[in-house]
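What follows is the content of entry_14.cif, which has mmCIF, C-alpha atoms:
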data_final
#
loop_
_atom_site.label_atom_id
_atom_site.label_comp_id
_atom_site.auth_asym_id
_atom_site.auth_seq_id
_atom_site.Cartn_x
_atom_site.Cartn_y
_atom_site.Cartn_z
CA MET A 3 -94.61 -7.32 -32.77
CA ASN A 4 -91.49 -5.29 -33.62
CA ASP A 5 -89.98 -8.13 -35.63
CA VAL A 6 -93.20 -8.45 -37.65
CA LEU A 7 -93.25 -4.70 -38.28
CA ASP A 8 -89.58 -4.70 -39.30
CA SER A 9 -90.07 -7.62 -41.64
CA MET A 10 -93.17 -6.06 -43.18
CA GLN A 11 -91.39 -2.75 -43.72
CA ARG A 12 -88.42 -4.51 -45.35
CA PHE A 13 -90.69 -6.46 -47.68
CA LEU A 14 -92.64 -3.36 -48.71
CA GLN A 15 -89.40 -1.41 -49.15
CA SER A 16 -88.23 -4.07 -51.62
CA ARG A 17 -91.42 -3.65 -53.65
CA ALA A 18 -92.13 0.08 -53.41
CA CYS A 19 -90.83 2.73 -55.79
CA GLY A 20 -92.01 5.61 -53.61
CA PHE A 21 -95.31 6.61 -52.10
CA ASP A 22 -97.72 9.49 -52.20
CA GLY A 23 -96.18 12.74 -51.03
CA ILE A 24 -92.60 11.50 -51.23
CA ALA A 25 -92.59 10.36 -54.83
CA GLY A 26 -89.43 8.94 -56.26
CA ASP A 27 -87.41 8.59 -53.09
CA GLY A 28 -87.18 4.83 -53.44
CA GLY A 29 -89.72 4.12 -50.73
CA GLY A 30 -88.05 6.21 -48.05
CA ASP A 31 -88.92 5.52 -44.46
CA LEU A 32 -92.08 3.44 -44.54
CA GLY A 33 -93.39 4.66 -41.21
CA PRO A 34 -95.87 2.59 -39.25
CA ASP A 35 -98.65 5.15 -39.78
CA VAL A 36 -98.48 4.98 -43.58
CA THR A 37 -101.47 3.19 -45.10
CA LEU A 38 -100.80 0.25 -47.41
CA GLY A 39 -103.01 1.89 -50.04
CA SER A 40 -100.81 4.98 -50.24
CA LEU A 41 -97.71 3.03 -51.18
CA ASP A 42 -96.61 2.92 -54.79
CA ILE A 43 -97.26 -0.80 -55.11
CA ASP A 44 -99.71 -2.79 -57.20
CA SER A 45 -102.53 -4.84 -55.69
CA LEU A 46 -100.65 -8.14 -55.94
CA VAL A 47 -97.99 -6.92 -53.50
CA LEU A 48 -100.46 -7.23 -50.61
CA VAL A 49 -101.05 -10.87 -51.58
CA GLU A 50 -97.29 -11.43 -51.82
CA LEU A 51 -96.92 -9.79 -48.41
CA ALA A 52 -99.49 -12.22 -46.99
CA VAL A 53 -97.51 -15.16 -48.42
CA ALA A 54 -94.25 -13.79 -47.02
CA MET A 55 -95.73 -13.20 -43.54
CA GLU A 56 -97.21 -16.69 -43.48
CA ARG A 57 -93.88 -18.24 -44.44
CA GLN A 58 -91.84 -16.20 -41.97
CA PHE A 59 -94.07 -16.33 -38.92
CA GLY A 60 -95.97 -19.58 -39.42
CA VAL A 61 -99.42 -17.98 -39.26
CA THR A 62 -102.31 -18.16 -41.73
CA VAL A 63 -102.79 -14.90 -43.63
CA GLU A 64 -105.50 -14.83 -46.31
CA ALA A 65 -105.49 -12.67 -49.45
CA GLY A 66 -108.08 -10.27 -48.00
CA ASP A 67 -106.54 -9.93 -44.53
CA LEU A 68 -104.10 -7.21 -45.58
CA ARG A 69 -106.04 -4.25 -47.01
CA ALA A 70 -105.26 -0.90 -48.57
CA ASP A 71 -107.01 1.01 -45.76
CA GLN A 72 -104.77 -0.48 -43.04
CA THR A 73 -101.64 1.24 -41.79
CA ILE A 74 -98.46 -0.81 -41.79
CA ASP A 75 -98.70 -0.83 -38.00
CA GLU A 76 -102.24 -2.24 -38.08
CA ALA A 77 -101.27 -4.90 -40.61
CA ALA A 78 -98.27 -5.92 -38.48
CA ALA A 79 -100.48 -6.04 -35.39
CA LEU A 80 -102.86 -8.42 -37.19
CA VAL A 81 -100.02 -10.81 -38.04
CA ALA A 82 -98.54 -10.52 -34.54
CA ALA A 83 -101.94 -11.27 -32.96
CA ARG A 84 -102.32 -14.38 -35.12
CA ARG A 85 -98.89 -15.54 -34.00
CA ALA A 86 -99.69 -14.93 -30.33
CA GLY A 87 -102.96 -16.85 -30.67
CA ARG A 88 -101.40 -20.04 -31.97
CA MET B 18 -86.92 -59.45 -56.03
CA SER B 19 -87.84 -61.11 -52.77
CA GLU B 20 -88.32 -64.87 -52.46
CA ALA B 21 -92.04 -64.37 -52.75
CA GLY B 22 -91.51 -62.68 -56.09
CA ILE B 23 -92.48 -59.25 -54.80
CA ASP B 24 -90.40 -56.37 -56.08
CA THR B 25 -88.66 -54.88 -53.07
CA GLY B 26 -87.44 -51.90 -55.05
CA THR B 27 -83.84 -52.49 -54.12
CA ASP B 28 -82.42 -53.71 -57.45
CA MET B 29 -84.08 -52.51 -60.63
CA GLY B 30 -86.59 -50.18 -59.00
CA ARG B 31 -90.32 -50.75 -59.17
CA PRO B 32 -92.72 -50.63 -62.15
CA ALA B 33 -93.21 -47.04 -63.31
CA ALA B 34 -94.37 -44.97 -66.26
CA VAL B 35 -91.40 -43.43 -68.08
CA LEU B 36 -91.54 -40.22 -70.13
CA VAL B 37 -90.01 -40.90 -73.55
CA GLY B 38 -91.38 -38.16 -75.82
CA VAL B 39 -92.65 -34.61 -75.67
CA GLY B 40 -94.27 -32.32 -78.23
CA ALA B 41 -95.91 -28.91 -78.51
CA ALA B 42 -98.10 -26.88 -80.81
CA VAL B 43 -99.31 -23.29 -80.75
CA PRO B 44 -101.51 -21.59 -83.34
CA PRO B 45 -99.64 -19.20 -85.64
CA THR B 46 -101.50 -16.02 -84.70
CA LEU B 47 -99.44 -14.07 -82.18
CA VAL B 48 -101.04 -11.36 -80.04
CA THR B 49 -98.59 -9.02 -78.31
CA ASN B 50 -99.31 -6.88 -75.26
CA GLU B 51 -99.13 -3.83 -77.52
CA ALA B 52 -101.86 -5.28 -79.73
CA LEU B 53 -104.09 -5.80 -76.67
CA ALA B 54 -103.34 -2.28 -75.45
CA ALA B 55 -104.73 -0.97 -78.74
CA VAL B 56 -108.18 -2.42 -78.00
CA LEU B 57 -108.31 -2.63 -74.20
CA GLU B 58 -107.58 -0.15 -71.42
CA THR B 59 -104.22 -1.71 -70.55
CA SER B 60 -100.53 -1.43 -71.41
CA ASP B 61 -97.52 -3.62 -72.06
CA ASP B 62 -95.97 -2.39 -68.79
CA TRP B 63 -99.12 -3.18 -66.77
CA ILE B 64 -99.41 -6.71 -68.19
CA ARG B 65 -95.69 -7.54 -67.91
CA SER B 66 -95.27 -6.16 -64.37
CA ARG B 67 -98.30 -8.03 -63.01
CA THR B 68 -98.04 -11.30 -64.94
CA GLY B 69 -94.71 -11.61 -66.77
CA ILE B 70 -96.58 -12.25 -70.04
CA ARG B 71 -95.27 -10.56 -73.22
CA GLN B 72 -97.38 -12.33 -75.86
CA ARG B 73 -99.77 -15.23 -76.43
CA HIS B 74 -100.87 -17.37 -79.38
CA VAL B 75 -104.55 -17.34 -80.29
CA ALA B 76 -106.41 -19.91 -82.39
CA GLY B 77 -108.75 -18.49 -84.99
CA THR B 78 -112.25 -19.85 -85.39
CA GLY B 79 -110.96 -22.38 -87.93
CA THR B 80 -108.62 -24.09 -85.44
CA THR B 81 -110.02 -26.56 -82.91
CA THR B 82 -108.69 -27.95 -79.65
CA ALA B 83 -108.35 -31.29 -81.48
CA ASP B 84 -106.22 -29.66 -84.20
CA LEU B 85 -103.77 -28.40 -81.59
CA ALA B 86 -103.83 -31.74 -79.74
CA VAL B 87 -103.11 -33.70 -82.93
CA ALA B 88 -100.14 -31.48 -83.79
CA ALA B 89 -98.61 -31.75 -80.30
CA GLY B 90 -99.38 -35.47 -80.09
CA ALA B 91 -97.77 -36.18 -83.46
CA GLU B 92 -94.56 -34.48 -82.36
CA ALA B 93 -94.49 -36.36 -79.04
CA LEU B 94 -94.93 -39.68 -80.88
CA ARG B 95 -92.17 -38.76 -83.33
CA VAL B 96 -89.77 -37.81 -80.53
CA ALA B 97 -90.63 -41.06 -78.74
CA GLY B 98 -89.89 -42.97 -81.94
CA THR B 99 -93.24 -44.75 -82.06
CA THR B 100 -96.43 -44.70 -84.11
CA ARG B 101 -98.68 -46.47 -81.64
CA VAL B 102 -99.76 -46.28 -78.02
CA ASP B 103 -102.30 -48.24 -75.96
CA MET B 104 -104.29 -45.29 -74.61
CA VAL B 105 -104.91 -41.56 -75.16
CA VAL B 106 -105.70 -39.25 -72.24
CA LEU B 107 -106.47 -35.63 -73.09
CA ALA B 108 -106.77 -32.87 -70.49
CA THR B 109 -108.83 -29.88 -71.56
CA THR B 110 -111.21 -27.27 -70.23
CA THR B 111 -112.24 -26.30 -73.74
CA PRO B 112 -113.29 -29.48 -75.59
CA ASP B 113 -114.56 -28.97 -79.12
CA ARG B 114 -117.95 -30.38 -78.14
CA ARG B 115 -119.71 -30.96 -74.86
CA CYS B 116 -120.39 -34.47 -76.24
CA PRO B 117 -118.44 -36.51 -77.26
CA ALA B 118 -114.99 -36.07 -75.70
CA THR B 119 -112.17 -34.74 -77.87
CA ALA B 120 -109.68 -37.59 -77.25
CA PRO B 121 -111.29 -40.25 -79.53
CA SER B 122 -111.16 -37.88 -82.49
CA VAL B 123 -107.52 -37.08 -81.73
CA ALA B 124 -106.66 -40.80 -81.48
CA ALA B 125 -108.37 -41.50 -84.81
CA ARG B 126 -106.65 -38.61 -86.58
CA LEU B 127 -103.28 -39.80 -85.27
CA GLY B 128 -103.99 -43.27 -86.68
CA LEU B 129 -103.76 -44.91 -83.29
CA GLY B 130 -106.56 -47.43 -83.87
CA PRO B 131 -109.32 -48.45 -81.46
CA VAL B 132 -107.46 -47.56 -78.27
CA PRO B 133 -109.27 -46.26 -75.16
CA ALA B 134 -109.34 -42.46 -75.41
CA PHE B 135 -110.96 -40.03 -73.00
CA ASP B 136 -110.84 -36.46 -71.70
CA ILE B 137 -109.99 -35.26 -68.21
CA SER B 138 -111.32 -31.97 -66.87
CA ALA B 139 -109.36 -30.39 -64.03
CA VAL B 140 -108.77 -26.95 -65.57
CA CYS B 141 -105.13 -25.85 -65.14
CA THR B 142 -104.28 -29.00 -63.14
CA GLY B 143 -105.68 -31.19 -65.92
CA PHE B 144 -102.36 -32.29 -67.40
CA VAL B 145 -100.92 -33.43 -64.06
CA TYR B 146 -104.18 -35.28 -63.29
CA ALA B 147 -103.95 -36.91 -66.75
CA LEU B 148 -100.32 -37.90 -66.08
CA GLY B 149 -101.42 -39.45 -62.78
CA VAL B 150 -104.19 -41.49 -64.39
CA ALA B 151 -101.96 -42.55 -67.30
CA SER B 152 -99.14 -43.47 -64.94
CA ALA B 153 -101.52 -45.59 -62.85
CA ALA B 154 -102.76 -47.37 -65.99
CA VAL B 155 -99.17 -48.20 -66.96
CA VAL B 156 -98.15 -49.38 -63.49
CA ALA B 157 -101.33 -51.51 -63.26
CA GLY B 158 -100.51 -53.19 -66.57
CA MET B 159 -103.60 -51.79 -68.29
CA ALA B 160 -101.49 -50.01 -70.93
CA GLY B 161 -97.90 -50.45 -72.10
CA SER B 162 -97.79 -46.88 -73.38
CA VAL B 163 -99.99 -43.78 -73.20
CA LEU B 164 -100.17 -40.52 -75.12
CA VAL B 165 -101.01 -37.76 -72.62
CA ILE B 166 -102.07 -34.40 -74.04
CA GLY B 167 -103.01 -31.04 -72.57
CA ALA B 168 -104.83 -28.92 -75.17
CA GLU B 169 -106.83 -25.71 -74.94
CA ARG B 170 -108.58 -23.09 -77.02
CA PHE B 171 -108.94 -21.19 -73.77
CA THR B 172 -109.55 -17.87 -75.48
CA SER B 173 -112.90 -19.30 -76.64
CA ILE B 174 -114.29 -18.95 -73.08
CA VAL B 175 -112.60 -15.65 -72.16
CA ASP B 176 -114.45 -12.34 -72.61
CA PRO B 177 -112.27 -10.42 -75.11
CA THR B 178 -113.41 -7.11 -73.58
CA ASP B 179 -112.43 -8.05 -69.99
CA ARG B 180 -108.96 -6.62 -69.41
CA ASP B 181 -108.46 -8.70 -66.25
CA THR B 182 -108.67 -12.06 -68.04
CA ALA B 183 -108.20 -11.30 -71.75
CA VAL B 184 -104.55 -10.35 -71.22
CA ILE B 185 -103.69 -13.58 -69.41
CA PHE B 186 -104.81 -16.52 -71.51
CA GLY B 187 -103.57 -18.11 -74.71
CA ASP B 188 -104.18 -21.22 -76.80
CA GLY B 189 -101.96 -24.24 -77.43
CA ALA B 190 -101.25 -27.89 -76.74
CA GLY B 191 -98.46 -30.01 -75.32
CA ALA B 192 -98.11 -33.77 -75.16
CA VAL B 193 -95.92 -36.51 -73.75
CA VAL B 194 -95.58 -40.25 -74.39
CA LEU B 195 -95.27 -42.56 -71.39
CA ARG B 196 -94.19 -46.21 -71.61
CA ALA B 197 -93.87 -48.98 -69.08
CA GLY B 198 -90.48 -49.08 -67.39
CA ARG B 199 -88.77 -49.02 -64.02
CA SER B 200 -88.48 -46.33 -61.41
CA ASP B 201 -84.68 -46.22 -61.61
CA GLU B 202 -84.77 -45.14 -65.27
CA PRO B 203 -84.41 -41.44 -66.12
CA GLY B 204 -87.87 -40.16 -67.08
CA ALA B 205 -89.74 -42.36 -64.59
CA LEU B 206 -92.60 -40.56 -62.85
CA LEU B 207 -91.60 -41.18 -59.25
CA GLY B 208 -94.76 -40.30 -57.37
CA PHE B 209 -97.89 -38.17 -57.42
CA ASP B 210 -99.72 -35.83 -55.13
CA LEU B 211 -103.21 -34.95 -56.38
CA GLY B 212 -105.93 -33.09 -54.51
CA SER B 213 -109.04 -30.94 -54.68
CA ASP B 214 -111.17 -28.58 -52.60
CA GLY B 215 -114.61 -28.03 -54.09
CA THR B 216 -115.48 -25.39 -51.52
CA GLY B 217 -113.43 -23.06 -53.72
CA GLU B 218 -115.37 -23.74 -56.94
CA GLU B 219 -116.41 -20.09 -57.32
CA LEU B 220 -112.81 -18.79 -57.41
CA ILE B 221 -112.22 -20.03 -60.98
CA THR B 222 -115.39 -20.69 -62.97
CA VAL B 223 -117.51 -20.37 -66.07
CA PRO B 224 -120.84 -19.56 -64.43
CA PRO B 225 -123.71 -21.59 -65.88
CA GLY B 226 -127.00 -20.30 -67.17
CA SER B 227 -126.39 -16.78 -68.44
CA PRO B 228 -129.51 -14.81 -69.47
CA ALA B 229 -128.65 -15.50 -73.11
CA GLY B 230 -129.09 -19.21 -72.53
CA GLY B 231 -125.51 -20.40 -72.87
CA ASP B 232 -122.69 -20.28 -70.35
CA GLY B 233 -121.22 -16.97 -69.28
CA TRP B 234 -117.60 -15.97 -69.74
CA PHE B 235 -114.78 -17.42 -67.68
CA ARG B 236 -114.04 -15.47 -64.51
CA MET B 237 -111.72 -15.74 -61.53
CA ASP B 238 -110.94 -13.96 -58.28
CA GLY B 239 -107.37 -13.00 -59.11
CA ARG B 240 -106.05 -12.10 -55.66
CA ARG B 241 -107.49 -15.14 -53.90
CA VAL B 242 -106.39 -17.41 -56.76
CA PHE B 243 -102.84 -16.03 -56.42
CA ARG B 244 -102.86 -16.82 -52.70
CA GLU B 245 -104.34 -20.31 -53.09
CA ALA B 246 -102.07 -21.15 -56.04
CA VAL B 247 -98.91 -20.50 -54.01
CA ARG B 248 -100.30 -22.30 -50.96
CA HIS B 249 -101.47 -25.45 -52.77
CA MET B 250 -98.58 -25.80 -55.23
CA ALA B 251 -96.12 -25.40 -52.34
CA GLY B 252 -97.92 -27.98 -50.19
CA SER B 253 -98.31 -30.43 -53.05
CA THR B 254 -94.68 -30.06 -54.11
CA ARG B 255 -93.49 -30.63 -50.54
CA ARG B 256 -95.52 -33.84 -50.31
CA VAL B 257 -94.09 -35.17 -53.58
CA LEU B 258 -90.54 -34.25 -52.56
CA ASP B 259 -91.04 -36.01 -49.21
CA HIS B 260 -92.28 -39.10 -51.05
CA VAL B 261 -89.37 -39.09 -53.50
CA GLY B 262 -86.81 -38.17 -50.86
CA TRP B 263 -85.41 -35.11 -52.61
CA PRO B 264 -84.54 -31.95 -50.61
CA ALA B 265 -86.21 -28.87 -52.11
CA ASP B 266 -82.86 -27.22 -52.81
CA SER B 267 -81.82 -30.19 -54.96
CA VAL B 268 -84.59 -29.50 -57.51
CA GLN B 269 -82.98 -28.21 -60.72
CA HIS B 270 -86.11 -27.39 -62.77
CA LEU B 271 -89.33 -26.32 -61.05
CA VAL B 272 -92.01 -26.53 -63.74
CA GLY B 273 -95.02 -24.84 -62.17
CA HIS B 274 -98.30 -24.09 -63.90
CA GLN B 275 -97.57 -21.10 -66.12
CA ALA B 276 -100.17 -18.65 -64.83
CA ASN B 277 -98.14 -15.72 -63.51
CA VAL B 278 -94.39 -15.30 -63.05
CA ARG B 279 -94.94 -13.67 -59.66
CA ILE B 280 -96.78 -16.80 -58.45
CA LEU B 281 -93.85 -18.92 -59.67
CA HIS B 282 -91.30 -16.73 -57.86
CA MET B 283 -93.33 -16.74 -54.61
CA LEU B 284 -93.64 -20.52 -54.94
CA ALA B 285 -89.88 -20.91 -55.31
CA ALA B 286 -89.27 -18.69 -52.26
CA GLU B 287 -91.82 -20.66 -50.27
CA LEU B 288 -90.12 -23.96 -51.16
CA GLY B 289 -86.52 -22.78 -50.89
CA VAL B 290 -85.86 -23.57 -54.56
CA PRO B 291 -83.42 -21.09 -56.17
CA GLU B 292 -85.24 -18.60 -58.43
CA GLU B 293 -82.99 -19.48 -61.37
CA CYS B 294 -84.44 -23.02 -61.26
CA VAL B 295 -87.94 -21.74 -62.03
CA VAL B 296 -88.95 -22.67 -65.59
CA VAL B 297 -90.64 -19.67 -67.21
CA HIS B 298 -92.43 -20.13 -70.52
CA LEU B 299 -95.54 -18.00 -69.93
CA ASP B 300 -93.77 -14.88 -71.20
CA ARG B 301 -94.12 -16.29 -74.74
CA VAL B 302 -97.49 -18.10 -74.58
CA GLY B 303 -99.49 -16.70 -71.64
CA ASN B 304 -101.54 -19.01 -69.45
CA THR B 305 -102.63 -21.96 -71.59
CA SER B 306 -104.39 -23.82 -68.73
CA ALA B 307 -104.00 -27.61 -69.15
CA ALA B 308 -101.46 -27.11 -71.94
CA SER B 309 -99.10 -24.97 -69.88
CA ILE B 310 -96.95 -27.66 -68.26
CA PRO B 311 -96.39 -29.84 -71.35
CA LEU B 312 -95.69 -26.67 -73.40
CA ALA B 313 -93.10 -25.66 -70.80
CA LEU B 314 -91.64 -29.19 -70.83
CA ALA B 315 -91.31 -29.10 -74.62
CA ASP B 316 -89.60 -25.73 -74.37
CA LEU B 317 -87.24 -27.16 -71.74
CA ALA B 318 -86.49 -30.13 -74.01
CA ARG B 319 -85.61 -27.73 -76.85
CA SER B 320 -83.26 -25.73 -74.65
CA ASP B 321 -79.65 -26.39 -73.74
CA GLY B 322 -80.45 -25.79 -70.09
CA VAL B 323 -81.44 -29.33 -69.10
CA ALA B 324 -79.38 -32.52 -68.93
CA ARG B 325 -80.15 -36.19 -68.43
CA ASP B 326 -80.82 -37.03 -64.76
CA ASP B 327 -81.54 -33.40 -63.79
CA ARG B 328 -84.20 -33.31 -61.07
CA VAL B 329 -87.51 -31.97 -62.40
CA VAL B 330 -90.71 -31.27 -60.44
CA LEU B 331 -94.05 -30.52 -62.12
CA THR B 332 -96.70 -28.77 -60.03
CA ALA B 333 -100.06 -27.30 -60.97
CA PHE B 334 -103.03 -25.52 -59.47
CA GLY B 335 -106.35 -24.73 -61.07
CA GLY B 336 -110.09 -24.47 -60.93
CA GLY B 337 -111.98 -26.91 -58.78
CA LEU B 338 -110.01 -26.07 -56.82
CA THR B 339 -107.52 -28.74 -57.91
CA TRP B 340 -103.80 -29.25 -57.54
CA GLY B 341 -101.21 -31.88 -58.38
CA SER B 342 -97.48 -32.58 -58.53
CA THR B 343 -95.05 -35.21 -59.75
CA ALA B 344 -91.27 -35.63 -59.99
CA LEU B 345 -88.88 -37.19 -62.48
CA ALA B 346 -85.23 -37.32 -63.37
CA TRP B 347 -84.93 -35.80 -66.86
CA PRO B 348 -84.80 -38.57 -69.48
CA GLY B 349 -82.40 -36.77 -71.78
CA ILE B 350 -84.83 -36.66 -74.70
CA GLN B 351 -84.08 -34.05 -77.32
CA CYS B 352 -86.89 -32.27 -79.05
CA ARG B 353 -86.39 -30.13 -82.12
CA ALA B 354 -88.93 -27.89 -83.73
CA GLY B 355 -90.27 -29.02 -87.08
#

Represent the structure from my file as structure tokens, please.
Amino acid sequence: MNDVLDSMQRFLQSRACGFDGIAGDGGGDLGPDVTLGSLDIDSLVLVELAVAMERQFGVTVEAGDLRADQTIDEAAALVAARRAGR
Amino acid sequence: MSEAGIDTGTDMGRPAAVLVGVGAAVPPTLVTNEALAAVLETSDDWIRSRTGIRQRHVAGTGTTTADLAVAAGAEALRVAGTTRVDMVVLATTTPDRRCPATAPSVAARLGLGPVPAFDISAVCTGFVYALGVASAAVVAGMAGSVLVIGAERFTSIVDPTDRDTAVIFGDGAGAVVLRAGRSDEPGALLGFDLGSDGTGEELITVPPGSPAGGDGWFRMDGRRVFREAVRHMAGSTRRVLDHVGWPADSVQHLVGHQANVRILHMLAAELGVPEECVVVHLDRVGNTSAASIPLALADLARSDGVARDDRVVLTAFGGGLTWGSTALAWPGIQCRAG
């Protein structure tokens, strides 16, 4: 689970320019409780994140699996659960 | 050759279709992102950051798909140094008429005589499907040479007031000439992977039967299309590379369907192909559906960035869903505008 969370945070860090409340700090610390929808990213980044998670962890992640209302922690848990269920 | 006269593929290769000419045509009217931002709720920054597109060419009402196909086909024939072929295969989603097909008219206007000529409809995968069919006809001995064209007036089916699709698509045509040859020649199409999944037909569609009586406007589910495009182009490319025996990191020019630069970059990452090997032409012409790959090939041929024997992979994804890939060593043809 931690490796999925780390990887997800690194990917989002590479795409984010900042997020609500901490604008302009280059993404800052993307804590696990931050929702994906509050990040300063466009909607395609969640699809790119799904592609990256699928490639890295060998699980199937569809375009709608990662949603704006999820926290980073919840999204990472979803990917980790898929991996554990293989 | 073996004693039984069967080609073992060890000396001169096996029979193959060889690419010997390429051509392109776009209508003169250029529409920039700024021009779209003046009439739609969008901006140059929004379009470029999400798609990589800076501009597209748009055919006026006086320009047909056949007009674009004839212009691209004529250039491909000229580059190939020939005035005749044995077959014309035209990939399009936007034929000039529902009946008949556009290819016979194109063949007649190019002065090619009574050759077989037909259209193929596989949306953005259409050109790779057409290459596959043409290649099979050559290898089977049905045709010694084939003119393969991808041509679209795609803006004719896109709602000009829909900012999600109107900013993406453009019009144009690209063409190649194939002739019979051997698989060890540069330009030989070395293998194909073609596929479809009709359960995804609603993802990219022109819905039939609008209240007005005709078809509705083109529509697509952008996020799911993005996901499926990367998945299927990556899988198809891997299968072709396995067949040809090339490692992914040996590919020098990855010519993917020119839909979105972010799809192309995710595809390269997925395959392990260096990003600098991704051929990007969509910034200048947008997504031209079946014309996108031959337009990108013609642009590659006009550039100084490709050399004879360079490893080139073509891969496409489109409505259907459909996908397809092929591989070739670059034939060293030179293509100059004019």

What's the separation between CA of Arg325 (chain B) and CA of His270 (chain B), in Å to one decimal place?
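These atoms are spaced 12.0 Å apart.
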
Tell me as a list in words which residues belonging to chain A come within 9 Å of chain B, counting all atoms listed in the file.
Asp44, Ser45, Leu46, Leu48, Val49, Glu50, Ala52, Val53, Ala54, Arg57, Glu64, Ala65 and Gly66 of chain A

Applied to the shown file, which residues does the PyMOL selection byres ((chain B and resi 324) around 9) return, written as a list in words?
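Answer for the PyMOL selection byres ((chain B and resi 324) around 9): Asp321, Gly322, Val323, Arg325, Asp326, Asp327, Trp347, Pro348, Gly349 and Ile350 of chain B.
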
Dump C-alpha atoms for the selected residues as a PDB file, keeping the file's coordinate frame?
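Output file selection23.pdb is given in full below:
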ATOM      1  CA  ASP B 321     -79.650 -26.390 -73.740  1.00  0.00           C
ATOM      2  CA  GLY B 322     -80.450 -25.790 -70.090  1.00  0.00           C
ATOM      3  CA  VAL B 323     -81.440 -29.330 -69.100  1.00  0.00           C
ATOM      4  CA  ARG B 325     -80.150 -36.190 -68.430  1.00  0.00           C
ATOM      5  CA  ASP B 326     -80.820 -37.030 -64.760  1.00  0.00           C
ATOM      6  CA  ASP B 327     -81.540 -33.400 -63.790  1.00  0.00           C
ATOM      7  CA  TRP B 347     -84.930 -35.800 -66.860  1.00  0.00           C
ATOM      8  CA  PRO B 348     -84.800 -38.570 -69.480  1.00  0.00           C
ATOM      9  CA  GLY B 349     -82.400 -36.770 -71.780  1.00  0.00           C
ATOM     10  CA  ILE B 350     -84.830 -36.660 -74.700  1.00  0.00           C
TER      11      ILE B 350
END

Selection under test: the PyMOL selection byres ((chain B and resi 261) around 8); residues as a count of residues only
9

Between B:Asn50, B:Thr182, B:Ser162, B:Ser267, which is the closest to Met237 (chain B) once you count all atoms listed in the file?
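Of the candidates, the smallest distance to Met237 (chain B) is held by B:Thr182.
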
Evaluate the PyMOL selection byres ((chain B and resi 151) around 8) on the structure here and hand back the selected residues as a PyMOL selection string.
chain B and resi 106+147-150+152-155+163+165+195

Neighbours of Thr37 (chain A) within 7 Å (all atoms listed in the file; same-chain residues fewer than 5 positions away dropped), as a tab-separated table (two decimals) with C-alpha atoms, in the frame of the given file?
chain	number	residue	atom	x	y	z
A	70	ALA	CA	-105.26	-0.90	-48.57
A	71	ASP	CA	-107.01	1.01	-45.76
A	72	GLN	CA	-104.77	-0.48	-43.04
A	73	THR	CA	-101.64	1.24	-41.79
A	74	ILE	CA	-98.46	-0.81	-41.79

One decimal, in Å: what's the spacing between CA of Asp188 (chain B) and CA of Ala307 (chain B)?
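Distance reported for this atom pair: 10.0 Å.
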
Quick check, in Å to one decimal: how far apart do CA of Glu293 (chain B) and CA of Ser320 (chain B) lie?
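Interatomic distance here is 14.7 Å.
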
If the box runs along x, y and z of the file and leaves 5 Å on each side of region 102-108 of chain B, what are its centre and edge lengths in Å, one decimal, as JSON?
{"center_x": -103.3, "center_y": -40.6, "center_z": -74.3, "size_x": 17.0, "size_y": 25.4, "size_z": 17.5}

From A:Val36, A:Ala86, A:Ala18, A:Leu80, residue lying nearest Met55 (chain A) [all atoms listed in the file]:
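Closest to Met55 (chain A) of all the choices is A:Leu80.
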
Neighbour list for Gly60 (chain A) as a CSV table (one decimal) with C-alpha atoms, in the coordinates of the input, cut-off 10 Å, all atoms listed in the file, skip fewer than 4 positions in-chain:
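Result written to result-v1.csv:
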chain,number,residue,atom,x,y,z
A,54,ALA,CA,-94.2,-13.8,-47.0
A,55,MET,CA,-95.7,-13.2,-43.5
A,56,GLU,CA,-97.2,-16.7,-43.5
A,81,VAL,CA,-100.0,-10.8,-38.0
A,84,ARG,CA,-102.3,-14.4,-35.1
A,85,ARG,CA,-98.9,-15.5,-34.0
A,88,ARG,CA,-101.4,-20.0,-32.0

Within 7 Å of file point (-88.0, -38.7, -65.9), counting only C-alpha atoms, expressed as a list in words
Val35, Leu36, Pro203, Gly204, Ala205, Leu206, Leu345, Ala346, Trp347 and Pro348 of chain B

Which one of B:Leu281, B:Leu211, B:Leu85, B:Ile310 sits closest to Ser342 (chain B) if you count all atoms listed in the file?
B:Leu211

Under the rule that all atoms listed in the file are counted, which of A:Phe59, A:Asp67, A:Asp75, A:Asp42 is the nearest residue to Gln11 (chain A)?
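Comparing A:Phe59, A:Asp67, A:Asp75, A:Asp42 against Gln11 (chain A), the winner is A:Asp75.
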
Let me make sure I understand: among B:Thr81, B:Thr332, B:Ser213, B:Ser122, which one has the smallest atom-to-atom distance to Ala168 (chain B) if we use all atoms listed in the file?
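Of all the options, B:Thr81 lies closest to Ala168 (chain B).
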
Given the choices B:Leu127, B:Ala197, B:Arg236, B:Val48, which gets closest to Glu219 (chain B) if the distance is worked out from all atoms listed in the file?
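Smallest distance to Glu219 (chain B) is found for B:Arg236.
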